[in-house]
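> Please find final-v5.cif (mmCIF, N, CA and C atoms) on the next line:
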data_my_file
#
loop_
_atom_site.label_atom_id
_atom_site.label_comp_id
_atom_site.auth_asym_id
_atom_site.auth_seq_id
_atom_site.Cartn_x
_atom_site.Cartn_y
_atom_site.Cartn_z
N MET A 1390 89.97 90.47 89.07
CA MET A 1390 90.25 90.34 90.47
C MET A 1390 88.98 89.85 91.14
N ILE A 1391 89.16 89.03 92.14
CA ILE A 1391 88.01 88.53 92.89
C ILE A 1391 88.14 89.03 94.32
N PHE A 1392 87.09 89.69 94.79
CA PHE A 1392 87.03 90.16 96.16
C PHE A 1392 85.97 89.32 96.88
N GLY A 1393 86.43 88.46 97.75
CA GLY A 1393 85.51 87.63 98.50
C GLY A 1393 85.06 88.34 99.76
N GLY A 1394 83.79 88.35 99.98
CA GLY A 1394 83.25 88.95 101.20
C GLY A 1394 83.00 87.86 102.23
N PRO A 1395 82.20 88.17 103.23
CA PRO A 1395 81.90 87.16 104.24
C PRO A 1395 81.15 85.98 103.63
N HIS A 1396 81.39 84.81 104.19
CA HIS A 1396 80.74 83.59 103.71
C HIS A 1396 80.56 82.63 104.88
N ALA A 1397 79.57 81.75 104.75
CA ALA A 1397 79.30 80.83 105.86
C ALA A 1397 78.52 79.61 105.37
N TYR A 1398 78.83 78.48 105.98
CA TYR A 1398 78.07 77.24 105.77
C TYR A 1398 76.69 77.40 106.38
N VAL A 1399 75.69 76.84 105.69
CA VAL A 1399 74.31 76.88 106.19
C VAL A 1399 73.81 75.44 106.34
N SER A 1400 73.50 75.06 107.58
CA SER A 1400 72.97 73.73 107.85
C SER A 1400 71.47 73.69 107.57
N PRO A 1401 70.97 72.61 106.96
CA PRO A 1401 69.53 72.50 106.73
C PRO A 1401 68.74 72.46 108.04
N ASP A 1402 69.39 72.11 109.15
CA ASP A 1402 68.70 72.08 110.44
C ASP A 1402 68.28 73.47 110.91
N TRP A 1403 68.85 74.50 110.32
CA TRP A 1403 68.53 75.88 110.74
C TRP A 1403 67.29 76.43 110.06
N TYR A 1404 66.79 75.73 109.05
CA TYR A 1404 65.60 76.18 108.34
C TYR A 1404 64.34 75.75 109.07
N ASP A 1405 63.32 76.56 108.94
CA ASP A 1405 62.00 76.19 109.41
C ASP A 1405 61.40 75.14 108.46
N SER A 1406 61.70 75.26 107.18
CA SER A 1406 61.20 74.33 106.16
C SER A 1406 61.92 73.00 106.25
N GLU A 1407 61.25 71.96 105.77
CA GLU A 1407 61.81 70.60 105.78
C GLU A 1407 62.33 70.22 104.40
N GLY A 1408 63.18 69.18 104.36
CA GLY A 1408 63.62 68.59 103.10
C GLY A 1408 64.66 69.38 102.34
N LEU A 1409 65.38 70.26 103.02
CA LEU A 1409 66.40 71.06 102.35
C LEU A 1409 67.78 70.46 102.57
N VAL A 1410 68.75 70.91 101.82
CA VAL A 1410 70.12 70.39 101.89
C VAL A 1410 71.07 71.50 102.34
N PRO A 1411 72.29 71.12 102.75
CA PRO A 1411 73.26 72.15 103.13
C PRO A 1411 73.58 73.06 101.95
N THR A 1412 73.99 74.28 102.28
CA THR A 1412 74.37 75.24 101.25
C THR A 1412 75.42 76.18 101.83
N TRP A 1413 75.77 77.19 101.08
CA TRP A 1413 76.77 78.17 101.49
C TRP A 1413 76.25 79.54 101.13
N ASN A 1414 76.25 80.47 102.07
CA ASN A 1414 75.88 81.85 101.79
C ASN A 1414 77.16 82.67 101.64
N TYR A 1415 77.14 83.62 100.70
CA TYR A 1415 78.37 84.37 100.43
C TYR A 1415 78.07 85.67 99.70
N VAL A 1416 79.09 86.52 99.69
CA VAL A 1416 79.10 87.76 98.92
C VAL A 1416 80.44 87.81 98.19
N ALA A 1417 80.42 88.13 96.90
CA ALA A 1417 81.66 88.22 96.13
C ALA A 1417 81.50 89.26 95.03
N VAL A 1418 82.63 89.86 94.66
CA VAL A 1418 82.67 90.82 93.56
C VAL A 1418 83.81 90.42 92.63
N HIS A 1419 83.52 90.36 91.34
CA HIS A 1419 84.54 90.09 90.32
C HIS A 1419 84.73 91.39 89.54
N ALA A 1420 85.96 91.87 89.48
CA ALA A 1420 86.27 93.08 88.73
C ALA A 1420 87.16 92.69 87.56
N TYR A 1421 86.85 93.23 86.39
CA TYR A 1421 87.57 92.89 85.17
C TYR A 1421 88.27 94.13 84.61
N GLY A 1422 89.47 93.93 84.13
CA GLY A 1422 90.23 95.01 83.51
C GLY A 1422 91.61 94.51 83.14
N VAL A 1423 92.42 95.41 82.65
CA VAL A 1423 93.77 95.06 82.25
C VAL A 1423 94.74 95.67 83.26
N PRO A 1424 95.54 94.82 83.93
CA PRO A 1424 96.48 95.37 84.90
C PRO A 1424 97.67 96.04 84.21
N ARG A 1425 98.20 97.03 84.91
CA ARG A 1425 99.39 97.73 84.42
C ARG A 1425 100.36 97.82 85.58
N ILE A 1426 101.57 97.35 85.39
CA ILE A 1426 102.59 97.40 86.43
C ILE A 1426 103.05 98.84 86.60
N VAL A 1427 103.15 99.26 87.85
CA VAL A 1427 103.62 100.61 88.18
C VAL A 1427 105.10 100.49 88.53
N GLU A 1428 105.94 101.12 87.75
CA GLU A 1428 107.38 101.01 87.96
C GLU A 1428 107.99 102.25 88.59
N ASP A 1429 107.34 103.38 88.51
CA ASP A 1429 107.86 104.61 89.08
C ASP A 1429 107.90 104.50 90.60
N ALA A 1430 109.08 104.63 91.20
CA ALA A 1430 109.25 104.43 92.64
C ALA A 1430 108.42 105.41 93.46
N ASP A 1431 108.31 106.66 93.01
CA ASP A 1431 107.50 107.63 93.75
C ASP A 1431 106.02 107.24 93.73
N ARG A 1432 105.57 106.74 92.60
CA ARG A 1432 104.16 106.31 92.47
C ARG A 1432 103.92 105.07 93.35
N VAL A 1433 104.86 104.14 93.36
CA VAL A 1433 104.73 102.95 94.22
C VAL A 1433 104.67 103.38 95.68
N ALA A 1434 105.54 104.30 96.08
CA ALA A 1434 105.52 104.80 97.46
C ALA A 1434 104.19 105.45 97.78
N ALA A 1435 103.64 106.21 96.85
CA ALA A 1435 102.34 106.85 97.07
C ALA A 1435 101.23 105.81 97.23
N LEU A 1436 101.25 104.77 96.38
CA LEU A 1436 100.25 103.70 96.48
C LEU A 1436 100.36 102.98 97.83
N LEU A 1437 101.59 102.68 98.24
CA LEU A 1437 101.79 102.02 99.53
C LEU A 1437 101.35 102.91 100.69
N GLY A 1438 101.64 104.20 100.57
CA GLY A 1438 101.20 105.14 101.60
C GLY A 1438 99.69 105.19 101.71
N ASP A 1439 99.00 105.21 100.55
CA ASP A 1439 97.53 105.23 100.55
C ASP A 1439 96.96 103.95 101.17
N LEU A 1440 97.52 102.81 100.78
CA LEU A 1440 97.06 101.53 101.30
C LEU A 1440 97.27 101.44 102.81
N THR A 1441 98.45 101.86 103.26
CA THR A 1441 98.75 101.82 104.69
C THR A 1441 97.84 102.76 105.46
N ALA A 1442 97.64 103.97 104.95
CA ALA A 1442 96.78 104.94 105.63
C ALA A 1442 95.36 104.42 105.77
N ALA A 1443 94.84 103.81 104.71
CA ALA A 1443 93.48 103.26 104.77
C ALA A 1443 93.39 102.14 105.80
N SER A 1444 94.41 101.31 105.87
CA SER A 1444 94.41 100.19 106.82
C SER A 1444 94.62 100.67 108.25
N GLU A 1445 95.47 101.65 108.43
CA GLU A 1445 95.78 102.17 109.77
C GLU A 1445 94.60 102.93 110.38
N ARG A 1446 93.72 103.49 109.54
CA ARG A 1446 92.55 104.23 110.05
C ARG A 1446 91.70 103.39 110.99
N THR A 1447 91.66 102.09 110.75
CA THR A 1447 90.81 101.22 111.57
C THR A 1447 91.44 100.94 112.93
N LEU A 1448 92.68 101.35 113.15
CA LEU A 1448 93.38 101.05 114.40
C LEU A 1448 93.38 102.22 115.37
N ALA A 1449 92.61 103.25 115.11
CA ALA A 1449 92.55 104.41 116.00
C ALA A 1449 92.22 103.94 117.41
N PRO A 1450 92.63 104.61 118.45
CA PRO A 1450 93.06 105.99 118.48
C PRO A 1450 94.57 106.18 118.44
N LYS A 1451 95.34 105.14 118.30
CA LYS A 1451 96.80 105.31 118.29
C LYS A 1451 97.23 106.06 117.03
N PRO A 1452 98.37 106.74 117.07
CA PRO A 1452 98.86 107.40 115.85
C PRO A 1452 99.14 106.36 114.78
N PRO A 1453 98.80 106.66 113.53
CA PRO A 1453 98.99 105.67 112.47
C PRO A 1453 100.46 105.45 112.13
N TRP A 1454 100.76 104.21 111.75
CA TRP A 1454 102.08 103.88 111.24
C TRP A 1454 102.17 104.44 109.83
N THR A 1455 103.33 104.96 109.47
CA THR A 1455 103.55 105.49 108.12
C THR A 1455 104.88 104.98 107.57
N LEU A 1456 105.01 105.04 106.26
CA LEU A 1456 106.22 104.56 105.60
C LEU A 1456 107.48 105.30 106.06
N ASP A 1457 107.33 106.55 106.47
CA ASP A 1457 108.52 107.30 106.87
C ASP A 1457 109.11 106.81 108.19
N LYS A 1458 108.46 105.86 108.84
CA LYS A 1458 109.02 105.27 110.06
C LYS A 1458 110.09 104.22 109.75
N VAL A 1459 110.23 103.87 108.48
CA VAL A 1459 111.26 102.92 108.04
C VAL A 1459 112.40 103.75 107.45
N PRO A 1460 113.63 103.51 107.87
CA PRO A 1460 114.76 104.26 107.29
C PRO A 1460 114.75 104.17 105.77
N GLU A 1461 115.10 105.29 105.13
CA GLU A 1461 114.98 105.39 103.67
C GLU A 1461 115.71 104.27 102.92
N ASN A 1462 116.94 103.91 103.34
CA ASN A 1462 117.66 102.85 102.63
C ASN A 1462 116.95 101.51 102.75
N GLN A 1463 116.40 101.23 103.92
CA GLN A 1463 115.65 99.98 104.11
C GLN A 1463 114.34 100.01 103.33
N ARG A 1464 113.66 101.15 103.36
CA ARG A 1464 112.39 101.30 102.64
C ARG A 1464 112.61 101.10 101.14
N THR A 1465 113.68 101.69 100.61
CA THR A 1465 114.00 101.54 99.18
C THR A 1465 114.26 100.08 98.84
N ALA A 1466 115.01 99.39 99.69
CA ALA A 1466 115.31 97.97 99.45
C ALA A 1466 114.04 97.12 99.51
N LEU A 1467 113.20 97.38 100.47
CA LEU A 1467 111.95 96.61 100.60
C LEU A 1467 111.03 96.87 99.40
N MET A 1468 110.96 98.10 98.95
CA MET A 1468 110.06 98.44 97.84
C MET A 1468 110.49 97.78 96.54
N ARG A 1469 111.78 97.43 96.40
CA ARG A 1469 112.22 96.73 95.20
C ARG A 1469 111.58 95.34 95.10
N GLY A 1470 111.17 94.79 96.22
CA GLY A 1470 110.54 93.47 96.23
C GLY A 1470 109.03 93.51 96.04
N ILE A 1471 108.48 94.68 95.85
CA ILE A 1471 107.03 94.84 95.68
C ILE A 1471 106.72 95.10 94.22
N VAL A 1472 105.76 94.37 93.69
CA VAL A 1472 105.27 94.62 92.34
C VAL A 1472 103.92 95.32 92.48
N ALA A 1473 103.94 96.62 92.27
CA ALA A 1473 102.71 97.40 92.36
C ALA A 1473 102.01 97.40 91.01
N PHE A 1474 100.69 97.46 91.04
CA PHE A 1474 99.95 97.50 89.78
C PHE A 1474 98.66 98.28 89.97
N GLU A 1475 98.15 98.73 88.86
CA GLU A 1475 96.86 99.41 88.81
C GLU A 1475 96.02 98.69 87.77
N ILE A 1476 94.73 98.75 87.96
CA ILE A 1476 93.82 98.14 86.99
C ILE A 1476 92.72 99.14 86.67
N LEU A 1477 92.57 99.45 85.40
CA LEU A 1477 91.43 100.23 84.96
C LEU A 1477 90.27 99.25 84.85
N ILE A 1478 89.33 99.36 85.74
CA ILE A 1478 88.21 98.41 85.78
C ILE A 1478 87.21 98.76 84.69
N VAL A 1479 86.88 97.75 83.89
CA VAL A 1479 85.94 97.95 82.78
C VAL A 1479 84.61 97.25 83.02
N ARG A 1480 84.57 96.33 83.99
CA ARG A 1480 83.32 95.62 84.29
C ARG A 1480 83.38 95.09 85.71
N ILE A 1481 82.25 95.15 86.39
CA ILE A 1481 82.14 94.60 87.74
C ILE A 1481 80.90 93.72 87.81
N ASP A 1482 81.08 92.51 88.34
CA ASP A 1482 79.96 91.62 88.62
C ASP A 1482 79.93 91.36 90.11
N ALA A 1483 78.79 91.60 90.72
CA ALA A 1483 78.64 91.36 92.15
C ALA A 1483 77.58 90.29 92.36
N LYS A 1484 77.81 89.44 93.34
CA LYS A 1484 76.89 88.33 93.61
C LYS A 1484 76.72 88.20 95.10
N GLN A 1485 75.50 88.00 95.52
CA GLN A 1485 75.26 87.65 96.91
C GLN A 1485 74.25 86.51 96.95
N LYS A 1486 74.59 85.50 97.70
CA LYS A 1486 73.68 84.38 97.95
C LYS A 1486 73.49 84.35 99.45
N LEU A 1487 72.35 84.86 99.88
CA LEU A 1487 72.10 85.05 101.31
C LEU A 1487 70.74 84.47 101.72
N SER A 1488 70.42 83.31 101.18
CA SER A 1488 69.15 82.63 101.46
C SER A 1488 67.95 83.47 101.03
N GLN A 1489 68.15 84.36 100.04
CA GLN A 1489 67.06 85.23 99.63
C GLN A 1489 65.92 84.48 98.95
N ASN A 1490 66.16 83.24 98.57
CA ASN A 1490 65.09 82.44 97.96
C ASN A 1490 64.29 81.65 99.00
N ARG A 1491 64.60 81.84 100.27
CA ARG A 1491 63.94 81.13 101.35
C ARG A 1491 62.84 82.00 101.97
N THR A 1492 62.00 81.36 102.76
CA THR A 1492 60.93 82.09 103.45
C THR A 1492 61.53 83.00 104.52
N PRO A 1493 60.80 84.02 104.95
CA PRO A 1493 61.30 84.87 106.04
C PRO A 1493 61.64 84.07 107.30
N GLU A 1494 60.88 83.01 107.56
CA GLU A 1494 61.15 82.18 108.73
C GLU A 1494 62.47 81.43 108.58
N ASP A 1495 62.73 80.93 107.37
CA ASP A 1495 64.00 80.25 107.10
C ASP A 1495 65.18 81.21 107.25
N VAL A 1496 65.04 82.40 106.70
CA VAL A 1496 66.11 83.40 106.79
C VAL A 1496 66.37 83.75 108.25
N ALA A 1497 65.31 83.95 109.01
CA ALA A 1497 65.47 84.29 110.43
C ALA A 1497 66.15 83.15 111.18
N GLY A 1498 65.80 81.91 110.87
CA GLY A 1498 66.41 80.76 111.53
C GLY A 1498 67.89 80.63 111.22
N VAL A 1499 68.25 80.84 109.96
CA VAL A 1499 69.66 80.75 109.57
C VAL A 1499 70.44 81.89 110.21
N ALA A 1500 69.92 83.11 110.14
CA ALA A 1500 70.63 84.26 110.73
C ALA A 1500 70.83 84.06 112.23
N ALA A 1501 69.80 83.59 112.92
CA ALA A 1501 69.92 83.37 114.36
C ALA A 1501 70.97 82.30 114.66
N ALA A 1502 70.98 81.23 113.90
CA ALA A 1502 71.95 80.16 114.12
C ALA A 1502 73.37 80.64 113.83
N LEU A 1503 73.54 81.42 112.77
CA LEU A 1503 74.87 81.93 112.43
C LEU A 1503 75.44 82.79 113.56
N ARG A 1504 74.59 83.47 114.28
CA ARG A 1504 75.05 84.32 115.38
C ARG A 1504 75.58 83.51 116.57
N THR A 1505 75.30 82.21 116.58
CA THR A 1505 75.73 81.38 117.72
C THR A 1505 76.95 80.52 117.42
N THR A 1506 77.38 80.47 116.16
CA THR A 1506 78.42 79.51 115.78
C THR A 1506 79.84 79.94 116.15
N GLY A 1507 80.08 81.23 116.21
CA GLY A 1507 81.43 81.71 116.48
C GLY A 1507 82.33 81.69 115.26
N GLY A 1508 81.77 81.38 114.08
CA GLY A 1508 82.57 81.39 112.86
C GLY A 1508 83.07 82.78 112.53
N VAL A 1509 84.19 82.86 111.88
CA VAL A 1509 84.84 84.15 111.61
C VAL A 1509 83.90 85.14 110.91
N TYR A 1510 83.18 84.70 109.91
CA TYR A 1510 82.32 85.59 109.13
C TYR A 1510 80.83 85.39 109.39
N ASP A 1511 80.48 84.47 110.26
CA ASP A 1511 79.08 84.09 110.41
C ASP A 1511 78.17 85.25 110.82
N ALA A 1512 78.58 86.05 111.79
CA ALA A 1512 77.74 87.18 112.22
C ALA A 1512 77.61 88.21 111.09
N ALA A 1513 78.68 88.41 110.32
CA ALA A 1513 78.61 89.35 109.20
C ALA A 1513 77.62 88.85 108.14
N VAL A 1514 77.62 87.55 107.88
CA VAL A 1514 76.65 86.98 106.93
C VAL A 1514 75.24 87.16 107.48
N ALA A 1515 75.05 86.93 108.76
CA ALA A 1515 73.73 87.12 109.38
C ALA A 1515 73.27 88.57 109.23
N ASP A 1516 74.17 89.51 109.46
CA ASP A 1516 73.82 90.94 109.29
C ASP A 1516 73.37 91.22 107.87
N LEU A 1517 74.13 90.72 106.90
CA LEU A 1517 73.78 90.96 105.49
C LEU A 1517 72.45 90.31 105.13
N MET A 1518 72.21 89.11 105.66
CA MET A 1518 70.94 88.43 105.41
C MET A 1518 69.78 89.27 105.92
N GLU A 1519 69.91 89.78 107.13
CA GLU A 1519 68.84 90.58 107.72
C GLU A 1519 68.63 91.89 106.96
N LYS A 1520 69.71 92.52 106.49
CA LYS A 1520 69.58 93.76 105.72
C LYS A 1520 68.93 93.50 104.38
N SER A 1521 69.23 92.36 103.74
CA SER A 1521 68.66 92.09 102.42
C SER A 1521 67.19 91.71 102.50
N GLU A 1522 66.72 91.35 103.68
CA GLU A 1522 65.31 91.00 103.87
C GLU A 1522 64.42 92.22 103.94
N ARG A 1523 64.99 93.38 104.20
CA ARG A 1523 64.18 94.61 104.37
C ARG A 1523 63.67 95.12 103.07
#
Would you put the structure from the file into structure tokens?

Amino acid sequence: MIFGGPHAYVSPDWYDSEGLVPTWNYVAVHAYGVPRIVEDADRVAALLGDLTAASERTLAPKPPWTLDKVPENQRTALMRGIVAFEILIVRIDAKQKLSQNRTPEDVAGVAAALRTTGGVYDAAVADLMEKSER
């Protein structure tokens, strides 16, 4: 499985140094294992409940949405269309390319520029760049 984190285009104009080319900063995690399909309906419901609860936590302060808000016959029909799976992870590779090979001035210039672009992940990339510099 590949989990992509925040990523952003980096213009060479944002560097203090000269003669550089465009690049891309990113964070990603690759997890390796063997998937197993979960067929037990109660287990699938539990997995969906856990996933929904984790996602709903970020929407506070409103009461969280739960699976029991869907009528049982409809919930059962919808769950038949879901293929749930689990993976026993045996290896994880994580990678971050956040201009860490650049000078502190270059990193500061890129992070500052990313904060002005309005790109979906640009500020998050800038935050990670600044944290990795410490």
> Select, from A:Thr1447, A:Thr1505, A:Thr1441, A:Thr1492, the residue with the minimum atom-to-atom distance to Ser1406 in chain A, counting only C-alpha atoms.
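For Ser1406 in chain A, the nearest of the candidates is A:Thr1492.
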> Step one, run DSSP on the backbone; step two, keep only residues of range 1399-1519 of chain A assigned to strand (DSSP E or B); then write them as an NGL selection string.
:A and (1399 or 1412-1427 or 1473-1486)
> Any idea what's packed within 7 Å of range 1415-1427 of chain A, counting only N, CA and C atoms, ignoring anything in its chain fewer than 5 positions away? Could you give it as an MDAnalysis selection string?
chainID A and resid 1390:1397 1432:1433 1472:1488
> Neighbours of Ala1512 in chain A within 8 Å (all atoms listed in the file; same-chain residues fewer than 4 positions away dropped), as a PyMOL selection string?
chain A and resi 1396-1397+1500+1502-1508+1516-1518
> Dump N, CA and C atoms for the selected residues as a PDB file, in the frame of the given file?

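Writing done, so here's again_28.pdb:
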ATOM      1  N   HIS A1396      81.390  84.810 104.190  1.00  0.00           N
ATOM      2  CA  HIS A1396      80.740  83.590 103.710  1.00  0.00           C
ATOM      3  C   HIS A1396      80.560  82.630 104.880  1.00  0.00           C
ATOM      4  N   ALA A1397      79.570  81.750 104.750  1.00  0.00           N
ATOM      5  CA  ALA A1397      79.300  80.830 105.860  1.00  0.00           C
ATOM      6  C   ALA A1397      78.520  79.610 105.370  1.00  0.00           C
ATOM      7  N   ALA A1500      69.920  83.110 110.140  1.00  0.00           N
ATOM      8  CA  ALA A1500      70.630  84.260 110.730  1.00  0.00           C
ATOM      9  C   ALA A1500      70.830  84.060 112.230  1.00  0.00           C
ATOM     10  N   ALA A1502      70.980  81.230 113.900  1.00  0.00           N
ATOM     11  CA  ALA A1502      71.950  80.160 114.120  1.00  0.00           C
ATOM     12  C   ALA A1502      73.370  80.640 113.830  1.00  0.00           C
ATOM     13  N   LEU A1503      73.540  81.420 112.770  1.00  0.00           N
ATOM     14  CA  LEU A1503      74.870  81.930 112.430  1.00  0.00           C
ATOM     15  C   LEU A1503      75.440  82.790 113.560  1.00  0.00           C
ATOM     16  N   ARG A1504      74.590  83.470 114.280  1.00  0.00           N
ATOM     17  CA  ARG A1504      75.050  84.320 115.380  1.00  0.00           C
ATOM     18  C   ARG A1504      75.580  83.510 116.570  1.00  0.00           C
ATOM     19  N   THR A1505      75.300  82.210 116.580  1.00  0.00           N
ATOM     20  CA  THR A1505      75.730  81.380 117.720  1.00  0.00           C
ATOM     21  C   THR A1505      76.950  80.520 117.420  1.00  0.00           C
ATOM     22  N   THR A1506      77.380  80.470 116.160  1.00  0.00           N
ATOM     23  CA  THR A1506      78.420  79.510 115.780  1.00  0.00           C
ATOM     24  C   THR A1506      79.840  79.940 116.150  1.00  0.00           C
ATOM     25  N   GLY A1507      80.080  81.230 116.210  1.00  0.00           N
ATOM     26  CA  GLY A1507      81.430  81.710 116.480  1.00  0.00           C
ATOM     27  C   GLY A1507      82.330  81.690 115.260  1.00  0.00           C
ATOM     28  N   GLY A1508      81.770  81.380 114.080  1.00  0.00           N
ATOM     29  CA  GLY A1508      82.570  81.390 112.860  1.00  0.00           C
ATOM     30  C   GLY A1508      83.070  82.780 112.530  1.00  0.00           C
ATOM     31  N   ASP A1516      74.170  89.510 109.460  1.00  0.00           N
ATOM     32  CA  ASP A1516      73.820  90.940 109.290  1.00  0.00           C
ATOM     33  C   ASP A1516      73.370  91.220 107.870  1.00  0.00           C
ATOM     34  N   LEU A1517      74.130  90.720 106.900  1.00  0.00           N
ATOM     35  CA  LEU A1517      73.780  90.960 105.490  1.00  0.00           C
ATOM     36  C   LEU A1517      72.450  90.310 105.130  1.00  0.00           C
ATOM     37  N   MET A1518      72.210  89.110 105.660  1.00  0.00           N
ATOM     38  CA  MET A1518      70.940  88.430 105.410  1.00  0.00           C
ATOM     39  C   MET A1518      69.780  89.270 105.920  1.00  0.00           C
TER      40      MET A1518
END
> Evaluated on this file, the PyMOL selection byres (((chain A and resi 1498 and name CA) around 10) and name CA) picks out some residues - which ones are they, written as a list in words?
Asp1402, Trp1403, Tyr1404, Asp1405, Ser1406, Thr1492, Pro1493, Glu1494, Asp1495, Val1496, Ala1497, Val1499, Ala1500, Ala1501, Ala1502, Leu1503 and Ala1515 of chain A
> Using N, CA and C atoms, can you write the selected residues to a file as a JSON list (two decimals), in the coordinates of the input?

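As written to disk, part_16.json reads:
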[["chain", "number", "residue", "atom", "x", "y", "z"],
["A", 1402, "ASP", "N", 69.39, 72.11, 109.15],
["A", 1402, "ASP", "CA", 68.70, 72.08, 110.44],
["A", 1402, "ASP", "C", 68.28, 73.47, 110.91],
["A", 1403, "TRP", "N", 68.85, 74.50, 110.32],
["A", 1403, "TRP", "CA", 68.53, 75.88, 110.74],
["A", 1403, "TRP", "C", 67.29, 76.43, 110.06],
["A", 1404, "TYR", "N", 66.79, 75.73, 109.05],
["A", 1404, "TYR", "CA", 65.60, 76.18, 108.34],
["A", 1404, "TYR", "C", 64.34, 75.75, 109.07],
["A", 1405, "ASP", "N", 63.32, 76.56, 108.94],
["A", 1405, "ASP", "CA", 62.00, 76.19, 109.41],
["A", 1405, "ASP", "C", 61.40, 75.14, 108.46],
["A", 1406, "SER", "N", 61.70, 75.26, 107.18],
["A", 1406, "SER", "CA", 61.20, 74.33, 106.16],
["A", 1406, "SER", "C", 61.92, 73.00, 106.25],
["A", 1492, "THR", "N", 62.00, 81.36, 102.76],
["A", 1492, "THR", "CA", 60.93, 82.09, 103.45],
["A", 1492, "THR", "C", 61.53, 83.00, 104.52],
["A", 1493, "PRO", "N", 60.80, 84.02, 104.95],
["A", 1493, "PRO", "CA", 61.30, 84.87, 106.04],
["A", 1493, "PRO", "C", 61.64, 84.07, 107.30],
["A", 1494, "GLU", "N", 60.88, 83.01, 107.56],
["A", 1494, "GLU", "CA", 61.15, 82.18, 108.73],
["A", 1494, "GLU", "C", 62.47, 81.43, 108.58],
["A", 1495, "ASP", "N", 62.73, 80.93, 107.37],
["A", 1495, "ASP", "CA", 64.00, 80.25, 107.10],
["A", 1495, "ASP", "C", 65.18, 81.21, 107.25],
["A", 1496, "VAL", "N", 65.04, 82.40, 106.70],
["A", 1496, "VAL", "CA", 66.11, 83.40, 106.79],
["A", 1496, "VAL", "C", 66.37, 83.75, 108.25],
["A", 1497, "ALA", "N", 65.31, 83.95, 109.01],
["A", 1497, "ALA", "CA", 65.47, 84.29, 110.43],
["A", 1497, "ALA", "C", 66.15, 83.15, 111.18],
["A", 1499, "VAL", "N", 68.25, 80.84, 109.96],
["A", 1499, "VAL", "CA", 69.66, 80.75, 109.57],
["A", 1499, "VAL", "C", 70.44, 81.89, 110.21],
["A", 1500, "ALA", "N", 69.92, 83.11, 110.14],
["A", 1500, "ALA", "CA", 70.63, 84.26, 110.73],
["A", 1500, "ALA", "C", 70.83, 84.06, 112.23],
["A", 1501, "ALA", "N", 69.80, 83.59, 112.92],
["A", 1501, "ALA", "CA", 69.92, 83.37, 114.36],
["A", 1501, "ALA", "C", 70.97, 82.30, 114.66],
["A", 1502, "ALA", "N", 70.98, 81.23, 113.90],
["A", 1502, "ALA", "CA", 71.95, 80.16, 114.12],
["A", 1502, "ALA", "C", 73.37, 80.64, 113.83],
["A", 1503, "LEU", "N", 73.54, 81.42, 112.77],
["A", 1503, "LEU", "CA", 74.87, 81.93, 112.43],
["A", 1503, "LEU", "C", 75.44, 82.79, 113.56],
["A", 1515, "ALA", "N", 75.05, 86.93, 108.76],
["A", 1515, "ALA", "CA", 73.73, 87.12, 109.38],
["A", 1515, "ALA", "C", 73.27, 88.57, 109.23]]
> Kindly resolve the PyMOL selection byres ((chain A and resi 1455-1468) around 8) on the present coordinates and return the residues as a list in words.
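The output of the PyMOL selection byres ((chain A and resi 1455-1468) around 8) on this file is Ala1430, Val1433, Ala1434, Leu1437, Gly1438, Thr1441, Ala1442, Pro1452, Pro1453, Trp1454, Arg1469, Gly1470, Ile1471, Val1472 and Ala1473 of chain A.
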> Would you mind reading off the distance between CA of Gln1489 in chain A and atom N of Thr1412 in chain A, one decimal, in Å?
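Distance between the two atoms: 13.2 Å.
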> One number please: CA of Tyr1398 in chain A to CA of Asn1414 in chain A, in Å, one decimal.
6.5 Å
> Just how far from atom C of Val1514 in chain A is atom C of Glu1445 in chain A, in Å to one decimal?
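Separation between atom C of Glu1445 in chain A and atom C of Val1514 in chain A: 25.1 Å.
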> Give the helix (DSSP H, G or I) residues of range 1430-1494 of chain A, as assigned by DSSP on the backbone, as a PyMOL selection string.
chain A and resi 1430-1448+1456-1458+1461-1469+1493-1494
